[in-house]
Structures are given as structure tokens and as C-alpha cells.
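Undergrad: First, the structure itself, so that you have it in front of you.
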Amino acid sequence: MAKKEFWRWPEYRHTVEGIDPQNGKVISGGVDIGSVSSKTVIMVDGEVFAQSVMRTGSSSPDSAERTMNWALEDTGVTLKDIHYVVGTGYGRVNIPFAQKAITEIACHGRGASFMWGPSVRTVLDMGGQDCKAIRVDERGKVQNFLMNDKCAAGTGRGMEVFADLLSVPIQEVGDRSFAVKEEPQAVSSTCVVFAKSEAVGLLRSGWSKDEVLAAYCQAMAHRVVDLLNRVGVEKEFVITGGIAKNIGIVKRVEKELGIQALKPDQWRDDPRFDPMLAGAVGAALFAKVLYERSQG
Amino acid sequence: MLIANYGYKDGSGEYFITLDTDKCDGCGKCVEVCPASVLEVIPNEFDIEDGNIMGVRDEHRHKLKYSCAPCKPTTGDIEPPCVTACLSQAITHFLSSAKGQVL
């Protein structure tokens with residue numbers, strides 16, 4: 001029997017109805033090559049037109065090309081039609097067709113401010129292999145940020161490892177972490193390696209999978225709140241990145257901060273609000289500005 | 001104002017170098033005086049304007065506790081050379097053990 005891949009999250013592409021790129025003045029592209037996922041957003045005059053989200057492969061240039069081609073599939077737009085492309089994320093310097101690279105910190109700030117509105121002041125980006133707390137002003141400009149890339153604690157990869165260990169599909173982790181009679185004590189370590197061995201011990205001593213998931217989610221939430229407190233949390237607060245889709249983390253972060261995240265479920269109805277896209281959206285917005293500036 | 005925080009917090013304390021990127025003009029004086037080659041001048045990718053700013057080298061970001069220790073005397077209020085070399089006062093150094101004792 002083939003081993004089931006519990007960590008595997010869905011890749012997808014989407015075209016927004018009702019936008020005609022042929023009538024657009026500026027077509028801009030944002031490509032966010034993260035350590036775990038690659039995202040492309042195509043904008044027509046500053047509105048999201050097409051998007052794709054897929055897994056990052058071993059080569060950044062290949063991943064960039066694949067995610068860009070997939071976003072453009074059946075849209076009638078080709079790479080040549082795009083006026084300006086900005087690359088961001090971990091692999092931003094290795095995107096052959098991007099005219100400029102901008103850090104994912106600036107792009108997530110800008111993207112979150114665009115997606116959830118200018119009232120956003122604090123952005124928590126929970127990425128594949130790092131986690132960033134970002135403070136932005138009303139224009140989405142970054143004012144203060146802190147990145148934890150020292151270890152995999154509080155990251156998507158850590159969650160993937162846990163989903164696999166417990167044989168729970170990663171999309172179900174959030175809901176199942178609430179299927180407990182009472183919230184267990186957090187695991188004492190968020191280090192993926194130690195938490196993993198701690199979880200195995202808990203399972204052996206009779207804990208259910210749901211309880212172990214709850215304990216892990218809580219530890220992860222606690223860890224990122226620590227990070228947020230260093231830059232200071234001000235309303236409105238949003239979470240971006242893949243972990244933002246995990247309700248088990250979002251609710252626990254909200255509870256510990258005492259602040260609700262802004263519309264954390266909107267992406268379920270409208271793919272344009274996919275929190276994984278914030279970086280690519282920011283990059284596409286910067287691309288539009290840079291193109292317009294180059295035209296004088 | 002854009003404050004970039006480089007560093008980490010772990011069980012033993014907090015270790016950060018922070019940079020006000022609006023004040024930093026990328027002159028590189030801090031890079032010259034750093035005995036451990038922790039700093040570098042990099043393109044400012046936080047903004048769409050071109051220009052350079054100070055950055056903390058990747059290989060040092062996770063071990064500032066050790067990399068910066070020689071410039072942090074255990075007693076006295078002496079600023080490290082990178083901080084004093086910066087004419088625009090863009091750099092702040094923050095290294096402290098968990099007990100609150102400044103290293």
C-alpha cells in the first residue's frame with residue numbers, strides 16, 4: 001500500500017470572473033517563491049485577476065516558471081503581456097523573468113494592507129520555514145518587523161511533520177485540535193524534533209490524537225505570540241501564510257493575544273483572500289507602481 | 001521609519017541588532033569596524049527605491065550571542081564599535097541574558 005501523504009495540502013489555480021485583461025492598462029505580476037509553497041498573482045490595473053498556489057520544488061527558477069505558467073493557463077495572457085514582474089520570498093533572487101526582487105516582509109505588509117484594508121496594523125506571517133511579525137502603517141508600509149528563522153517552531157513545515165506523525169490530514173488538524181473535552185497543557189517544546197518525541201510519548205501514555213494536536217497547536221500559538229509581543233500588537237491584526245488556514249492555531253493565537261484576527265475565514269468563500277497569497281499580492285502591487293514609474 | 005530586527009530569542013536570553021532603515025544610508029562604516037564580520041552592506045529590498053543599507057550576514061543571524069560577545073563587556077556602559085561608528089545613529093544593539101543581566 002502506498003504511504004498516504006497526510007501533510008499534502010491542495011494546489012490550485014483560479015481566475016477571477018469579470019475582468020478583461022485586454023482592456024487593462026497595466027498587467028503586473030507578483031511571484032512569491034517560499035520555502036514550501038510558490039505563489040503567483042497576476043493583477044490587471046491593481047485588481048487580482050489570476051492566481052496559483054503550488055508546492056516549491058528543488059529549484060527556484062523551475063518553481064517560478066511552473067507557478068507563473070499555471071496562473072496564466074487559459075487566461076489568454078502570456079508572460080510577454082505582463083508589463084512588470086516583482087519576485088519575493090525565500091527564492092526571490094532566482095526568478096529569471098522578474099525585473100526586481102523585494103523582500104517578503106515588505107510584500108506581506110503591502111499585500112495584507114490591500115487585502116484586508118488600510119486599518120491593518122499588525123501582520124503575522126506564518127510561512128513554511130519561518131515566521132514574521134510585521135507592523136505596518138495605513139499605507140501598508142513596514143515600520144517594524146521581526147523574523148524567526150532560527151528553527152522550524154511555529155512554521156508550516158513543523159505542522160506538516162506533525163500531521164504526518166499523527167496520520168491526520170493537514171486540513172483537518174485545526175478542527176480536530178478542538179475536538180477535545182478540555183484543552184490539554186501545551187507540549188513543553190515547540191522544537192519539531194523534541195515535540196515529535198514528546199508527542200510519541202503522550203500517545204503511548206494514552207492521549208488521543210486530538211489531544212496531542214491541541215497541545216501542539218497551543219505550544220505553537222504561544223511561541224508566535226512571544227514573537228508578536230516584541231514588535232507590539234495593535235489592531236487590526238491579520239495572519240498570513242499557510243498556517244493562517246489552520247483554525248487550531250488562529251483561534252489560540254487570538255485567545256492568547258486577546259485580539260481577534262480580521263476576517264480569518266474570508267478565503268473559504270473568496271479565493272482572492274487566500275492568506276497564502278499576501279506576499280504575491282504585495283509583489284504585484286509593487287510591480288504596478290514600478291511599471292508606472294518607469295513610464296514616467 | 002522602518003525598524004529591521006535581526007536576531008533571536010531563546011531560552012538563554014534575547015540577542016538582537018536593530019536598524020532604522022530610514023536613517024541608514026548604506027555608508028558601510030559599521031561593516032569596517034566590526035571585528036567579527038557580522039555586518040554587510042546590502043541592497044535595500046524593503047523599499048522600491050534603490051539604495052543600500054546595512055544587513056546582518058545570514059550566518060551570524062542565529063548566533064549573535066556568540067558573534068557579538070567580544071564587543072560586549074560584562075561591566076560598564078560601553079557601546080559596541082558598530083553603534084558608535086554609525087554617524088546617523090541607525091544601529092541599536094540588544095544582547096541580554098534571560099536573567100536580565102546585560103552581556
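So you can find residues: chains in the C-alpha cells are A, B, ... in the order shown, residues in each start at 1, and ligands are numbered from 1 in order.
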Listing only residues of chain A within 10 Å of chain B, what is the closest atom pair and its distance in Å (to one decimal) for each, using only C-alpha atoms, sorted by chain and residue number ascending, as JSON lines?
TA:
{"residue": "A:Thr88", "atom": "CA", "partner": "B:Glu45", "partner_atom": "CA", "distance": 9.6}
{"residue": "A:Lys100", "atom": "CA", "partner": "B:Ile48", "partner_atom": "CA", "distance": 8.9}
{"residue": "A:Ala101", "atom": "CA", "partner": "B:Glu45", "partner_atom": "CA", "distance": 6.9}
{"residue": "A:Ile102", "atom": "CA", "partner": "B:Glu45", "partner_atom": "CA", "distance": 4.7}
{"residue": "A:Thr103", "atom": "CA", "partner": "B:Glu45", "partner_atom": "CA", "distance": 5.4}
{"residue": "A:Glu104", "atom": "CA", "partner": "B:Phe46", "partner_atom": "CA", "distance": 8.5}
{"residue": "A:Ile105", "atom": "CA", "partner": "B:Phe46", "partner_atom": "CA", "distance": 7.3}
{"residue": "A:Ala106", "atom": "CA", "partner": "B:Phe46", "partner_atom": "CA", "distance": 5.3}
{"residue": "A:Cys107", "atom": "CA", "partner": "B:Phe46", "partner_atom": "CA", "distance": 8.4}
{"residue": "A:Ile134", "atom": "CA", "partner": "B:Ala4", "partner_atom": "CA", "distance": 9.8}
{"residue": "A:Arg135", "atom": "CA", "partner": "B:Leu2", "partner_atom": "CA", "distance": 9.1}
{"residue": "A:Val136", "atom": "CA", "partner": "B:Leu2", "partner_atom": "CA", "distance": 9.0}
{"residue": "A:Asp137", "atom": "CA", "partner": "B:Met1", "partner_atom": "CA", "distance": 9.8}
{"residue": "A:Lys141", "atom": "CA", "partner": "B:Leu2", "partner_atom": "CA", "distance": 8.3}
{"residue": "A:Val142", "atom": "CA", "partner": "B:Leu2", "partner_atom": "CA", "distance": 5.9}
{"residue": "A:Gln143", "atom": "CA", "partner": "B:Leu2", "partner_atom": "CA", "distance": 4.0}
{"residue": "A:Asn144", "atom": "CA", "partner": "B:Ile3", "partner_atom": "CA", "distance": 4.4}
{"residue": "A:Phe145", "atom": "CA", "partner": "B:Ala4", "partner_atom": "CA", "distance": 5.7}
{"residue": "A:Leu146", "atom": "CA", "partner": "B:Asn5", "partner_atom": "CA", "distance": 5.2}
{"residue": "A:Met147", "atom": "CA", "partner": "B:Tyr6", "partner_atom": "CA", "distance": 7.4}
{"residue": "A:Asn148", "atom": "CA", "partner": "B:Tyr8", "partner_atom": "CA", "distance": 6.6}
{"residue": "A:Asp149", "atom": "CA", "partner": "B:His62", "partner_atom": "CA", "distance": 8.2}
{"residue": "A:Lys150", "atom": "CA", "partner": "B:His62", "partner_atom": "CA", "distance": 5.9}
{"residue": "A:Cys151", "atom": "CA", "partner": "B:His62", "partner_atom": "CA", "distance": 9.3}
{"residue": "A:Asp226", "atom": "CA", "partner": "B:Lys9", "partner_atom": "CA", "distance": 9.3}
{"residue": "A:Leu227", "atom": "CA", "partner": "B:Lys9", "partner_atom": "CA", "distance": 8.6}
{"residue": "A:Arg230", "atom": "CA", "partner": "B:Lys9", "partner_atom": "CA", "distance": 9.9}
{"residue": "A:Val231", "atom": "CA", "partner": "B:Asn5", "partner_atom": "CA", "distance": 9.1}
{"residue": "A:Phe286", "atom": "CA", "partner": "B:Ile48", "partner_atom": "CA", "distance": 7.2}
{"residue": "A:Ala287", "atom": "CA", "partner": "B:Ile48", "partner_atom": "CA", "distance": 9.2}
{"residue": "A:Val289", "atom": "CA", "partner": "B:Ile48", "partner_atom": "CA", "distance": 8.7}
{"residue": "A:Leu290", "atom": "CA", "partner": "B:Ile48", "partner_atom": "CA", "distance": 7.4}
Undergrad: Assign secondary structure with DSSP using the backbone only, and return the residues of chain B in alpha helix (DSSP H) as a ChimeraX atom specification.
TA: /B:29-33,58-61,64-67,81-85
Undergrad: What does the distance from CA of Gln218 (chain A) to CA of His108 (chain A) come to in Å, to one decimal?
TA: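 CA of Gln218 (chain A) sits 24.5 Å away from CA of His108 (chain A).
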Undergrad: Near Val41 (chain B), within 12 Å and counting only C-alpha atoms, which residues show up once chain neighbours fewer than 3 positions away are dropped, as a ChimeraX atom specification?
TA: /B:21,24-32,37-38,44-45,51-57
Undergrad: With C-alpha atoms retained, write the just-selected residues as a PDB file, in the first residue's frame.
TA:
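Listing of again-v5.pdb after writing:
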ATOM      1  CA  THR B  21      16.488  51.658   7.695  1.00  0.00           C
ATOM      2  CA  CYS B  24      20.839  54.160   7.394  1.00  0.00           C
ATOM      3  CA  ASP B  25      22.461  55.478   4.215  1.00  0.00           C
ATOM      4  CA  GLY B  26      24.474  52.338   3.496  1.00  0.00           C
ATOM      5  CA  CYS B  27      27.838  54.060   4.093  1.00  0.00           C
ATOM      6  CA  GLY B  28      29.353  50.848   5.457  1.00  0.00           C
ATOM      7  CA  LYS B  29      31.341  52.360   8.352  1.00  0.00           C
ATOM      8  CA  CYS B  30      29.810  49.811  10.718  1.00  0.00           C
ATOM      9  CA  VAL B  31      30.944  46.992   8.453  1.00  0.00           C
ATOM     10  CA  GLU B  32      34.552  48.224   8.567  1.00  0.00           C
ATOM     11  CA  SER B  37      32.436  40.450  10.103  1.00  0.00           C
ATOM     12  CA  VAL B  38      28.834  40.205  11.270  1.00  0.00           C
ATOM     13  CA  ASN B  44      17.556  47.867   0.356  1.00  0.00           C
ATOM     14  CA  GLU B  45      14.847  45.423  -0.652  1.00  0.00           C
ATOM     15  CA  GLY B  51      19.808  52.170  -2.384  1.00  0.00           C
ATOM     16  CA  ASN B  52      21.895  50.234   0.103  1.00  0.00           C
ATOM     17  CA  ILE B  53      21.536  49.546   3.794  1.00  0.00           C
ATOM     18  CA  MET B  54      23.349  47.635   6.498  1.00  0.00           C
ATOM     19  CA  GLY B  55      22.396  43.996   6.928  1.00  0.00           C
ATOM     20  CA  VAL B  56      23.386  41.215   9.294  1.00  0.00           C
ATOM     21  CA  ARG B  57      25.029  38.315   7.491  1.00  0.00           C
TER      22      ARG B  57
END
Undergrad: Using CA of Arg157 (chain A) and CA of Ser197 (chain A) as the two end points, give the distance in Å to one decimal.
TA: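 Computed distance, CA of Arg157 (chain A) to CA of Ser197 (chain A), equals 16.3 Å.
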Undergrad: Residues within 6 Å of region 7-9 of chain A, please, as an MDAnalysis selection string. Count only C-alpha atoms; anything in the same chain fewer than 4 positions from it doesn't count.
TA: chainID A and resid 160 163:164 170
Undergrad: Write a file of the just-selected residues containing N, CA and C atoms, as a PDB file, in the first residue's frame.
TA:
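Result file follows (again_36.pdb):
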ATOM      1  N   GLU A 160       3.355  20.266   9.104  1.00  0.00           N
ATOM      2  CA  GLU A 160       3.329  19.136   8.170  1.00  0.00           C
ATOM      3  C   GLU A 160       3.902  17.882   8.811  1.00  0.00           C
ATOM      4  N   ALA A 163       1.346  16.519  11.235  1.00  0.00           N
ATOM      5  CA  ALA A 163       0.207  15.880  10.579  1.00  0.00           C
ATOM      6  C   ALA A 163       0.592  14.466  10.152  1.00  0.00           C
ATOM      7  N   ASP A 164       1.782  14.343   9.618  1.00  0.00           N
ATOM      8  CA  ASP A 164       2.272  13.050   9.153  1.00  0.00           C
ATOM      9  C   ASP A 164       2.478  12.084  10.318  1.00  0.00           C
ATOM     10  N   ILE A 170      -3.656  17.294   6.899  1.00  0.00           N
ATOM     11  CA  ILE A 170      -3.270  18.591   7.451  1.00  0.00           C
ATOM     12  C   ILE A 170      -4.440  19.569   7.510  1.00  0.00           C
TER      13      ILE A 170
END
Undergrad: Using only C-alpha atoms, which protein or nucleic acid residues come within 10 Å of region 78-87 of chain A? Drop anything in the same chain fewer than 2 positions from it, and give the result as a PyMOL selection string.
TA: chain A and resi 21-22+25-33+40-44+64-65+68-69+71-76+89-104+107+279-280+282-292+294
Undergrad: Can you tell me, as number ranges by chain, what residues are no more than 12 Å from Glu138 (chain A) when counting only C-alpha atoms, ignoring any on the same chain fewer than 6 positions away?
TA: A: 109-110, 112-114, 116-122, 235-236
Undergrad: Please write the residues from the selection above to a file, keeping N, CA, C and O atoms, as a tab-separated table (two decimals), in the first residue's frame.
TA:
chain	number	residue	atom	x	y	z
A	109	GLY	N	3.44	42.98	4.11
A	109	GLY	CA	2.84	44.16	4.71
A	109	GLY	C	1.92	44.86	3.72
A	109	GLY	O	0.76	45.14	4.01
A	110	ARG	N	2.43	45.07	2.52
A	110	ARG	CA	1.67	45.75	1.47
A	110	ARG	C	0.45	44.92	1.06
A	110	ARG	O	-0.65	45.43	0.88
A	112	ALA	N	-1.15	42.50	2.74
A	112	ALA	CA	-2.16	42.36	3.79
A	112	ALA	C	-2.98	43.64	3.90
A	112	ALA	O	-4.19	43.60	4.08
A	113	SER	N	-2.31	44.78	3.74
A	113	SER	CA	-3.00	46.07	3.82
A	113	SER	C	-3.99	46.21	2.66
A	113	SER	O	-5.07	46.77	2.82
A	114	PHE	N	-3.62	45.68	1.50
A	114	PHE	CA	-4.52	45.73	0.33
A	114	PHE	C	-5.69	44.77	0.51
A	114	PHE	O	-6.84	45.11	0.26
A	116	TRP	N	-6.96	43.19	3.30
A	116	TRP	CA	-7.88	43.36	4.42
A	116	TRP	C	-8.13	44.83	4.78
A	116	TRP	O	-8.80	45.11	5.76
A	117	GLY	N	-7.55	45.72	4.02
A	117	GLY	CA	-7.87	47.14	4.21
A	117	GLY	C	-6.81	47.89	4.99
A	117	GLY	O	-5.99	47.31	5.69
A	118	PRO	N	-6.84	49.25	4.87
A	118	PRO	CA	-5.80	50.09	5.47
A	118	PRO	C	-5.83	50.14	7.00
A	118	PRO	O	-4.95	50.73	7.60
A	119	SER	N	-6.85	49.50	7.62
A	119	SER	CA	-6.87	49.51	9.09
A	119	SER	C	-5.92	48.48	9.67
A	119	SER	O	-5.70	48.44	10.88
A	120	VAL	N	-5.32	47.63	8.81
A	120	VAL	CA	-4.39	46.60	9.29
A	120	VAL	C	-3.12	47.25	9.83
A	120	VAL	O	-2.51	48.09	9.17
A	121	ARG	N	-2.74	46.91	11.06
A	121	ARG	CA	-1.52	47.45	11.67
A	121	ARG	C	-0.49	46.37	12.00
A	121	ARG	O	0.69	46.63	12.07
A	122	THR	N	-0.98	45.16	12.26
A	122	THR	CA	-0.06	44.09	12.64
A	122	THR	C	-0.31	42.87	11.75
A	122	THR	O	-1.45	42.45	11.59
A	235	LYS	N	-4.32	46.75	16.79
A	235	LYS	CA	-5.42	46.41	15.88
A	235	LYS	C	-5.32	47.22	14.59
A	235	LYS	O	-4.85	48.34	14.64
A	236	GLU	N	-5.83	46.77	13.46
A	236	GLU	CA	-6.31	45.44	13.22
A	236	GLU	C	-5.16	44.48	13.02
A	236	GLU	O	-4.12	44.87	12.55
Undergrad: Do a neighbour search on region 65-71 of chain B at 10 Å with only C-alpha atoms, toss out local chain neighbours closer than 2 positions, and write the hits as an MDAnalysis selection string.
TA: chainID B and resid 7:9 12:17 34:38 59:63 73:74 78:82 93:97 103
Undergrad: Could you take the residues named above and write them with N, CA and C atoms, as an mmCIF file, in the first residue's frame?
TA:
data_model
loop_
_atom_site.group_PDB
_atom_site.id
_atom_site.type_symbol
_atom_site.label_atom_id
_atom_site.label_comp_id
_atom_site.auth_asym_id
_atom_site.auth_seq_id
_atom_site.Cartn_x
_atom_site.Cartn_y
_atom_site.Cartn_z
ATOM 1 N N GLY B 7 18.022 38.922 14.656
ATOM 2 C CA GLY B 7 18.416 38.211 15.858
ATOM 3 C C GLY B 7 17.363 37.237 16.312
ATOM 4 N N TYR B 8 17.394 36.881 17.564
ATOM 5 C CA TYR B 8 16.503 35.843 18.056
ATOM 6 C C TYR B 8 16.406 35.906 19.575
ATOM 7 N N LYS B 9 15.441 35.155 20.066
ATOM 8 C CA LYS B 9 15.282 34.997 21.500
ATOM 9 C C LYS B 9 15.293 33.499 21.745
ATOM 10 N N SER B 12 18.114 31.246 26.659
ATOM 11 C CA SER B 12 19.156 31.912 27.436
ATOM 12 C C SER B 12 19.043 33.432 27.423
ATOM 13 N N GLY B 13 18.213 33.972 26.539
ATOM 14 C CA GLY B 13 18.067 35.425 26.517
ATOM 15 C C GLY B 13 17.692 35.950 25.148
ATOM 16 N N GLU B 14 17.833 37.286 24.980
ATOM 17 C CA GLU B 14 17.464 37.923 23.716
ATOM 18 C C GLU B 14 18.686 38.555 23.074
ATOM 19 N N TYR B 15 18.825 38.346 21.792
ATOM 20 C CA TYR B 15 20.018 38.815 21.087
ATOM 21 C C TYR B 15 19.596 39.461 19.779
ATOM 22 N N PHE B 16 19.604 40.783 19.753
ATOM 23 C CA PHE B 16 19.126 41.492 18.564
ATOM 24 C C PHE B 16 20.049 42.639 18.169
ATOM 25 N N ILE B 17 20.172 42.822 16.850
ATOM 26 C CA ILE B 17 20.726 44.066 16.321
ATOM 27 C C ILE B 17 19.568 44.702 15.559
ATOM 28 N N CYS B 34 33.497 46.259 12.447
ATOM 29 C CA CYS B 34 33.062 45.024 13.108
ATOM 30 C C CYS B 34 34.169 43.981 13.041
ATOM 31 N N PRO B 35 34.725 43.569 14.201
ATOM 32 C CA PRO B 35 35.840 42.628 14.182
ATOM 33 C C PRO B 35 35.418 41.201 13.803
ATOM 34 N N ALA B 36 34.134 40.916 13.889
ATOM 35 C CA ALA B 36 33.683 39.548 13.625
ATOM 36 C C ALA B 36 33.007 39.409 12.252
ATOM 37 N N SER B 37 33.060 40.464 11.439
ATOM 38 C CA SER B 37 32.436 40.450 10.103
ATOM 39 C C SER B 37 30.972 40.018 10.142
ATOM 40 N N VAL B 38 30.252 40.554 11.120
ATOM 41 C CA VAL B 38 28.834 40.205 11.270
ATOM 42 C C VAL B 38 27.981 40.983 10.267
ATOM 43 N N GLU B 59 24.852 34.002 8.136
ATOM 44 C CA GLU B 59 25.495 33.002 9.001
ATOM 45 C C GLU B 59 25.635 33.476 10.444
ATOM 46 N N HIS B 60 25.425 34.796 10.678
ATOM 47 C CA HIS B 60 25.533 35.296 12.052
ATOM 48 C C HIS B 60 24.186 35.525 12.723
ATOM 49 N N ARG B 61 23.118 35.533 11.925
ATOM 50 C CA ARG B 61 21.806 35.892 12.474
ATOM 51 C C ARG B 61 21.370 34.965 13.599
ATOM 52 N N HIS B 62 21.817 33.754 13.548
ATOM 53 C CA HIS B 62 21.370 32.767 14.529
ATOM 54 C C HIS B 62 22.356 32.567 15.663
ATOM 55 N N LYS B 63 23.405 33.361 15.673
ATOM 56 C CA LYS B 63 24.392 33.177 16.750
ATOM 57 C C LYS B 63 24.979 34.510 17.213
ATOM 58 N N PRO B 73 31.366 44.179 26.821
ATOM 59 C CA PRO B 73 31.996 43.923 28.110
ATOM 60 C C PRO B 73 30.937 43.625 29.168
ATOM 61 N N THR B 74 31.308 42.811 30.165
ATOM 62 C CA THR B 74 30.333 42.418 31.178
ATOM 63 C C THR B 74 30.012 43.572 32.133
ATOM 64 N N ILE B 78 29.467 50.461 27.759
ATOM 65 C CA ILE B 78 30.245 50.749 26.559
ATOM 66 C C ILE B 78 29.506 50.255 25.327
ATOM 67 N N GLU B 79 29.291 51.163 24.388
ATOM 68 C CA GLU B 79 28.600 50.768 23.152
ATOM 69 C C GLU B 79 29.567 50.024 22.241
ATOM 70 N N PRO B 80 29.095 49.029 21.514
ATOM 71 C CA PRO B 80 29.966 48.319 20.577
ATOM 72 C C PRO B 80 30.375 49.221 19.410
ATOM 73 N N PRO B 81 31.484 48.914 18.748
ATOM 74 C CA PRO B 81 32.014 49.788 17.685
ATOM 75 C C PRO B 81 31.034 50.075 16.556
ATOM 76 N N CYS B 82 30.203 49.104 16.188
ATOM 77 C CA CYS B 82 29.266 49.348 15.074
ATOM 78 C C CYS B 82 28.286 50.470 15.421
ATOM 79 N N HIS B 93 21.976 47.934 19.614
ATOM 80 C CA HIS B 93 22.411 46.588 19.957
ATOM 81 C C HIS B 93 21.664 46.149 21.185
ATOM 82 N N PHE B 94 21.162 44.962 21.174
ATOM 83 C CA PHE B 94 20.415 44.489 22.327
ATOM 84 C C PHE B 94 20.787 43.042 22.601
ATOM 85 N N LEU B 95 21.653 42.847 23.551
ATOM 86 C CA LEU B 95 22.023 41.483 23.931
ATOM 87 C C LEU B 95 21.808 41.356 25.421
ATOM 88 N N SER B 96 20.944 40.476 25.832
ATOM 89 C CA SER B 96 20.769 40.315 27.263
ATOM 90 C C SER B 96 20.455 38.874 27.611
ATOM 91 N N SER B 97 20.946 38.448 28.740
ATOM 92 C CA SER B 97 20.668 37.077 29.173
ATOM 93 C C SER B 97 19.272 37.043 29.777
ATOM 94 N N LEU B 103 24.796 41.478 28.751
ATOM 95 C CA LEU B 103 26.052 40.787 28.464
ATOM 96 C C LEU B 103 27.090 41.777 27.922
#
Undergrad: Among region 192-295 of chain A, which residues does DSSP mark as strand (DSSP E) when it is run on the backbone? Keep the chain and numbering as in the structure and answer as a list of chain:residue names.
TA: A:Phe237, A:Val238, A:Ile239, A:Thr240
Undergrad: Keeping N, CA, C and O atoms, export the residues of the selection given above as a PDB file, in the first residue's frame.
TA:
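Listed below is the output, again.pdb:
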ATOM      1  N   PHE A 237      -5.453  43.228  13.326  1.00  0.00           N
ATOM      2  CA  PHE A 237      -4.433  42.201  13.285  1.00  0.00           C
ATOM      3  C   PHE A 237      -4.835  41.125  12.278  1.00  0.00           C
ATOM      4  O   PHE A 237      -5.987  40.709  12.258  1.00  0.00           O
ATOM      5  N   VAL A 238      -3.917  40.713  11.408  1.00  0.00           N
ATOM      6  CA  VAL A 238      -4.217  39.627  10.466  1.00  0.00           C
ATOM      7  C   VAL A 238      -3.093  38.592  10.472  1.00  0.00           C
ATOM      8  O   VAL A 238      -1.957  38.897  10.839  1.00  0.00           O
ATOM      9  N   ILE A 239      -3.449  37.381  10.085  1.00  0.00           N
ATOM     10  CA  ILE A 239      -2.445  36.327   9.942  1.00  0.00           C
ATOM     11  C   ILE A 239      -2.369  35.950   8.466  1.00  0.00           C
ATOM     12  O   ILE A 239      -3.397  35.749   7.818  1.00  0.00           O
ATOM     13  N   THR A 240      -1.160  35.888   7.922  1.00  0.00           N
ATOM     14  CA  THR A 240      -0.969  35.474   6.534  1.00  0.00           C
ATOM     15  C   THR A 240      -0.143  34.194   6.511  1.00  0.00           C
ATOM     16  O   THR A 240       0.348  33.753   7.547  1.00  0.00           O
TER      17      THR A 240
END
Undergrad: My list of candidates is A:Asn23, A:Gln260, A:Ser177, A:Asn229. Which is closest to Lys132 (chain A) when distances are computed with only C-alpha atoms?
TA: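 Looking only at the distances to Lys132 (chain A), the closest residue turns out to be A:Asn229.
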Undergrad: Of the candidates A:Gly242, A:Gly296, A:Gly232, A:Gly24, which one gets nearest to Asp130 (chain A) if we count only C-alpha atoms?
TA: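 Of A:Gly242, A:Gly296, A:Gly232, A:Gly24, the one nearest Asp130 (chain A), counting only C-alpha atoms, is A:Gly242.
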